[in-house]
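Student: model18.txt is reproduced below (compact mmCIF, C-alpha atoms).
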# COMPACT_ATOMS: atom_id res chain seq x y z
CA MET A 1 6.96 120.75 5.33
CA ALA A 2 10.37 119.71 4.06
CA LYS A 3 11.28 120.96 0.59
CA TRP A 4 14.29 120.03 -1.50
CA SER A 5 15.27 121.39 -4.87
CA HIS A 6 18.95 120.44 -5.48
CA GLY A 7 21.04 117.25 -5.54
CA GLU A 8 20.41 113.76 -6.91
CA LEU A 9 19.67 111.88 -3.66
CA VAL A 10 17.62 112.84 -0.63
CA SER A 11 18.03 110.45 2.28
CA THR A 12 16.39 110.77 5.70
CA HIS A 13 17.40 108.78 8.76
CA TYR A 14 15.33 108.93 11.97
CA CYS A 15 13.41 111.93 10.71
CA GLY A 16 10.30 112.81 12.69
CA GLY A 17 7.51 115.35 12.73
CA VAL A 18 7.62 116.11 9.01
CA LYS A 19 4.10 116.53 7.61
CA ASN A 20 4.94 116.82 3.91
CA ILE A 21 7.93 116.09 1.72
CA VAL A 22 8.03 118.19 -1.44
CA ILE A 23 10.73 117.59 -4.03
CA ASP A 24 10.14 119.84 -7.00
CA SER A 25 13.56 119.62 -8.62
CA THR A 26 14.17 117.65 -11.80
CA SER A 27 17.71 116.86 -10.59
CA VAL A 28 16.66 114.90 -7.47
CA LYS A 29 16.32 111.31 -8.69
CA GLU A 30 16.10 109.21 -5.53
CA LEU A 31 14.41 109.47 -2.12
CA LYS A 32 15.41 107.15 0.73
CA LEU A 33 13.31 107.07 3.88
CA VAL A 34 15.27 105.00 6.38
CA LYS A 35 14.12 103.54 9.75
CA GLY A 36 12.84 105.15 12.84
CA HIS A 37 10.60 107.73 11.23
CA ARG A 38 7.32 108.52 12.97
CA LEU A 39 4.69 109.12 10.35
CA SER A 40 2.53 112.16 11.04
CA ASP A 41 -1.23 112.38 10.70
CA SER A 42 -1.30 113.79 7.19
CA GLU A 43 2.10 113.06 5.72
CA THR A 44 2.38 113.20 1.95
CA ILE A 45 5.22 112.83 -0.50
CA TRP A 46 4.98 115.06 -3.56
CA ALA A 47 7.83 114.46 -5.99
CA PRO A 48 6.66 114.47 -9.62
CA HIS A 49 10.19 114.08 -11.07
CA LEU A 50 11.49 111.43 -8.66
CA LEU A 51 12.70 108.19 -10.31
CA SER A 52 13.40 106.00 -7.27
CA LEU A 53 11.76 105.64 -3.84
CA ARG A 54 13.20 103.40 -1.11
CA VAL A 55 11.45 102.91 2.23
CA SER A 56 13.15 100.76 4.88
CA GLY A 57 13.34 100.28 8.62
CA ILE A 58 10.81 100.09 11.44
CA TRP A 59 8.15 102.79 11.39
CA ARG A 60 5.36 103.84 13.74
CA LEU A 61 2.15 104.77 12.04
CA GLY A 62 -0.25 107.45 13.25
CA SER A 63 -2.25 107.27 10.03
CA VAL A 64 -1.71 106.37 6.41
CA PHE A 65 1.00 108.38 4.70
CA ARG A 66 0.33 109.15 1.08
CA LEU A 67 2.21 109.30 -2.16
CA ASP A 68 0.61 112.35 -3.70
CA ASP A 69 2.43 112.81 -7.01
CA VAL A 70 5.16 110.33 -7.83
CA SER A 71 4.19 109.97 -11.48
CA SER A 72 7.77 109.61 -12.79
CA LEU A 73 8.80 106.73 -10.51
CA VAL A 74 10.38 103.78 -12.30
CA GLU A 75 11.68 102.00 -9.20
CA ALA A 76 10.23 101.49 -5.73
CA GLU A 77 11.51 99.48 -2.77
CA LEU A 78 9.15 98.71 0.11
CA ASP A 79 11.24 96.83 2.66
CA PHE A 80 9.96 98.13 5.97
CA VAL A 81 7.91 97.24 9.04
CA VAL A 82 5.07 99.42 10.36
CA ARG A 83 3.68 99.34 13.85
CA GLY A 84 0.10 100.56 13.86
CA ASP A 85 -3.51 99.73 13.10
CA LYS A 86 -3.67 101.02 9.55
CA SER A 87 -0.87 98.96 7.98
CA ARG A 88 -3.23 97.20 5.54
CA ASP A 89 -4.58 100.53 4.33
CA LEU A 90 -1.03 101.81 3.90
CA ILE A 91 0.12 98.83 1.81
CA LYS A 92 -3.02 98.83 -0.31
CA GLU A 93 -2.72 102.55 -1.04
CA LEU A 94 1.02 102.30 -1.79
CA LEU A 95 0.37 99.51 -4.30
CA GLU A 96 -2.34 101.56 -5.97
CA LYS A 97 -0.03 104.58 -6.28
CA LEU A 98 2.85 102.43 -7.57
CA HIS A 99 0.80 100.76 -10.33
CA GLY A 100 2.90 102.38 -13.10
CA VAL A 101 6.32 101.57 -11.61
CA SER A 102 8.35 99.12 -13.69
CA THR A 103 10.63 97.72 -10.93
CA ILE A 104 9.24 96.97 -7.48
CA THR A 105 11.08 95.39 -4.54
CA ILE A 106 8.95 94.04 -1.69
CA GLY A 107 10.23 92.92 1.72
CA SER A 108 8.91 90.23 4.09
CA TRP A 109 6.70 92.36 6.31
CA CYS A 110 4.95 93.97 3.33
CA LEU A 111 4.37 90.48 1.88
CA GLU A 112 2.85 89.37 5.20
CA VAL A 113 0.39 92.28 5.03
CA MET A 114 -0.37 91.35 1.41
CA SER A 115 -0.99 87.80 2.61
CA ALA A 116 -3.68 89.13 4.94
CA LEU A 117 -5.21 91.11 2.06
CA GLU A 118 -5.17 88.00 -0.12
CA MET A 119 -6.80 85.87 2.59
CA GLU A 120 -9.52 88.52 3.05
CA GLY A 121 -10.24 88.49 -0.68
CA VAL A 122 -9.16 92.10 -1.24
CA PRO A 123 -8.44 92.43 -4.97
CA SER A 124 -4.88 93.25 -5.88
CA PRO A 125 -4.46 96.44 -7.90
CA LEU A 126 -3.14 95.70 -11.39
CA SER A 127 0.42 96.81 -11.88
CA LYS A 128 2.65 97.53 -14.88
CA CYS A 129 5.54 96.04 -12.94
CA GLN A 130 7.99 94.31 -15.27
CA ASN A 131 10.64 93.47 -12.68
CA LEU A 132 9.46 92.10 -9.35
CA ILE A 133 12.00 91.50 -6.59
CA LEU A 134 10.82 89.73 -3.43
CA ARG A 135 13.15 89.89 -0.41
CA THR A 136 11.71 87.28 1.85
CA THR A 137 11.77 83.86 3.29
CA VAL A 138 9.39 81.49 1.57
CA SER A 139 6.96 80.32 4.21
CA GLN A 140 3.27 79.57 4.66
CA ARG A 141 2.93 82.99 6.28
CA ASN A 142 3.82 84.94 3.15
CA LEU A 143 2.93 82.59 0.27
CA PRO A 144 -0.49 84.28 -0.14
CA GLY A 145 1.31 87.64 -0.33
CA ILE A 146 3.59 86.31 -3.05
CA ALA A 147 0.52 85.10 -4.96
CA TYR A 148 -1.08 88.53 -4.42
CA MET A 149 1.90 90.29 -6.02
CA LEU A 150 2.18 87.79 -8.88
CA ARG A 151 -1.51 88.15 -9.68
CA SER A 152 -1.25 91.93 -9.85
CA SER A 153 1.95 91.93 -11.95
CA GLN A 154 0.54 90.58 -15.19
CA CYS A 155 3.18 92.29 -17.34
CA MET A 156 6.08 90.86 -15.36
CA GLU A 157 9.17 89.94 -17.36
CA LYS A 158 11.56 89.19 -14.51
CA LEU A 159 10.97 87.69 -11.07
CA VAL A 160 13.76 87.62 -8.49
CA ILE A 161 13.24 85.96 -5.12
CA ASP A 162 16.02 87.05 -2.80
CA LEU A 163 15.82 84.38 -0.11
CA THR A 164 16.72 85.80 3.25
CA ASP A 165 16.72 82.40 4.98
CA PHE A 166 17.72 79.37 2.91
CA ARG A 167 16.97 76.86 5.68
CA ILE A 168 13.22 76.92 5.16
CA PHE A 169 13.23 76.91 1.36
CA LYS A 170 11.76 73.71 -0.06
CA VAL A 171 11.33 72.44 -3.62
CA TYR A 172 7.58 72.28 -2.96
CA TYR A 173 7.40 76.07 -2.58
CA PHE A 174 9.54 76.58 -5.67
CA SER A 175 7.07 74.61 -7.83
CA ILE A 176 4.13 76.66 -6.48
CA LEU A 177 5.85 79.95 -7.22
CA PHE A 178 6.63 79.16 -10.82
CA SER A 179 3.30 77.69 -11.84
CA VAL A 180 2.02 81.20 -12.56
CA ARG A 181 0.96 82.07 -16.09
CA ILE A 182 2.43 85.30 -17.46
CA LEU A 183 -0.14 87.15 -19.59
CA CYS A 184 1.87 90.03 -21.11
If you took the structure in this file and wrote it as structure tokens, what would it be?

Tutor:
Amino acid sequence: MAKWSHGELVSTHYCGGVKNIVIDSTSVKELKLVKGHRLSDSETIWAPHLLSLRVSGIWRLGSVFRLDDVSSLVEAELDFVVRGDKSRDLIKELLEKLHGVSTITIGSWCLEVMSALEMEGVPSPLSKCQNLILRTTVSQRNLPGIAYMLRSSQCMEKLVIDLTDFRIFKVYYFSILFSVRILC
């Protein structure tokens, strides 16, 4: 178990073998988990006062890691790739735990997994997300994932699509993306 209680930012790079991350301090505001981390069998993050969570890089997955108590989060960034069989379970559980987060950033790989969930008819968990940032190319491969996120973000006020590859962007896709009805 790794436990932190001081400082505003905790950032891990290439950290492995950690079973649990516990941040019980009210002064730690942001947790960054950056590439190369091997997720353990029962890894959990418990950080009830954390405001921002950023997960990036390429990860290997032994099983689903869990967000245990992240009830104060206002911002989450999921811009990572996972190698492993349980990636759909991971993304689904992360979205369920992040339902109260007001600003969510989603990367391409996560959108591809959401596309698979959408195509399988798995319902998207409703979110209180007001600001949705999608870092992706717009392609047939991740359009269902974009629809999945838009459907779950019924209180969205701001949508940002950060195109990572302008060459494949077409006006056709743009019209599909903005034909969504905002309910809140």

Student: For a quick check of understanding, using only C-alpha atoms, which of A:Arg66, A:Ile146, A:Trp59, A:Ser27 has the smallest distance to Trp46 (chain A)?

Tutor: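 Ranked by minimum distance to Trp46 (chain A), first place goes to A:Arg66.
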
Student: Tell me which of A:Ser87, A:Asn20, A:Thr137, A:Ser52 sits closest to Asp68 (chain A), counting only C-alpha atoms.

Tutor: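 Counting only C-alpha atoms, the residue closest to Asp68 (chain A) is A:Asn20.
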
Student: At what distance in Å, to one decimal, does CA of Phe80 (chain A) lie from CA of Glu120 (chain A)?

Tutor: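 Spanning CA of Glu120 (chain A) to CA of Phe80 (chain A) is a straight-line distance of 21.9 Å.
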
Student: Figure out the distance between CA of Val34 (chain A) and CA of Ser127 (chain A), please, to one decimal in Å.

Tutor: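 Answer for the CA of Ser127 (chain A) to CA of Val34 (chain A) separation: 24.9 Å.
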
Student: Given the point (4.8, 111.5, -8.6) in the coordinates of this file, which residues lie within 12 Å, counting all atoms listed in the file, and how would they look as a PyMOL selection string?

Tutor: chain A and resi 21-26+29-31+44-53+66-76+97-101

Student: What does the file look like for those residues with C-alpha atoms, as a tab-separated table (two decimals), keeping the file's coordinate frame?

Tutor:
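Written out: out.tsv:
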chain	number	residue	atom	x	y	z
A	21	ILE	CA	7.93	116.09	1.72
A	22	VAL	CA	8.03	118.19	-1.44
A	23	ILE	CA	10.73	117.59	-4.03
A	24	ASP	CA	10.14	119.84	-7.00
A	25	SER	CA	13.56	119.62	-8.62
A	26	THR	CA	14.17	117.65	-11.80
A	29	LYS	CA	16.32	111.31	-8.69
A	30	GLU	CA	16.10	109.21	-5.53
A	31	LEU	CA	14.41	109.47	-2.12
A	44	THR	CA	2.38	113.20	1.95
A	45	ILE	CA	5.22	112.83	-0.50
A	46	TRP	CA	4.98	115.06	-3.56
A	47	ALA	CA	7.83	114.46	-5.99
A	48	PRO	CA	6.66	114.47	-9.62
A	49	HIS	CA	10.19	114.08	-11.07
A	50	LEU	CA	11.49	111.43	-8.66
A	51	LEU	CA	12.70	108.19	-10.31
A	52	SER	CA	13.40	106.00	-7.27
A	53	LEU	CA	11.76	105.64	-3.84
A	66	ARG	CA	0.33	109.15	1.08
A	67	LEU	CA	2.21	109.30	-2.16
A	68	ASP	CA	0.61	112.35	-3.70
A	69	ASP	CA	2.43	112.81	-7.01
A	70	VAL	CA	5.16	110.33	-7.83
A	71	SER	CA	4.19	109.97	-11.48
A	72	SER	CA	7.77	109.61	-12.79
A	73	LEU	CA	8.80	106.73	-10.51
A	74	VAL	CA	10.38	103.78	-12.30
A	75	GLU	CA	11.68	102.00	-9.20
A	76	ALA	CA	10.23	101.49	-5.73
A	97	LYS	CA	-0.03	104.58	-6.28
A	98	LEU	CA	2.85	102.43	-7.57
A	99	HIS	CA	0.80	100.76	-10.33
A	100	GLY	CA	2.90	102.38	-13.10
A	101	VAL	CA	6.32	101.57	-11.61

Student: Quick one: everything within 9 Å of Pro144 (chain A), counting all atoms listed in the file, minus sequence neighbours fewer than 2 positions away in the same chain. Send it as a PyMOL selection string.

Tutor: chain A and resi 111-112+114-119+140-142+146-149

Student: What's the separation between CA of Arg54 (chain A) and CA of Leu33 (chain A), in Å to one decimal place?

Tutor: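 According to the coordinates, CA of Arg54 (chain A) and CA of Leu33 (chain A) are separated by 6.2 Å.
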
Student: Determine the nearest neighbour of Leu95 (chain A) from the options A:Ser108, A:Ser124, A:Thr136, A:Gln130, counting only C-alpha atoms.

Tutor: A:Ser124

Student: Residues within 12 Å of Arg135 (chain A), please, as a list in words. Count only C-alpha atoms; anything in the same chain fewer than 2 positions from it doesn't count.

Tutor: Glu77, Leu78, Asp79, Phe80, Ile104, Thr105, Ile106, Gly107, Ser108, Trp109, Cys110, Leu111, Glu112, Leu132, Ile133, Thr137, Val138, Asn142, Ile146, Leu159, Val160, Ile161, Asp162, Leu163, Thr164, Asp165 and Phe166 of chain A
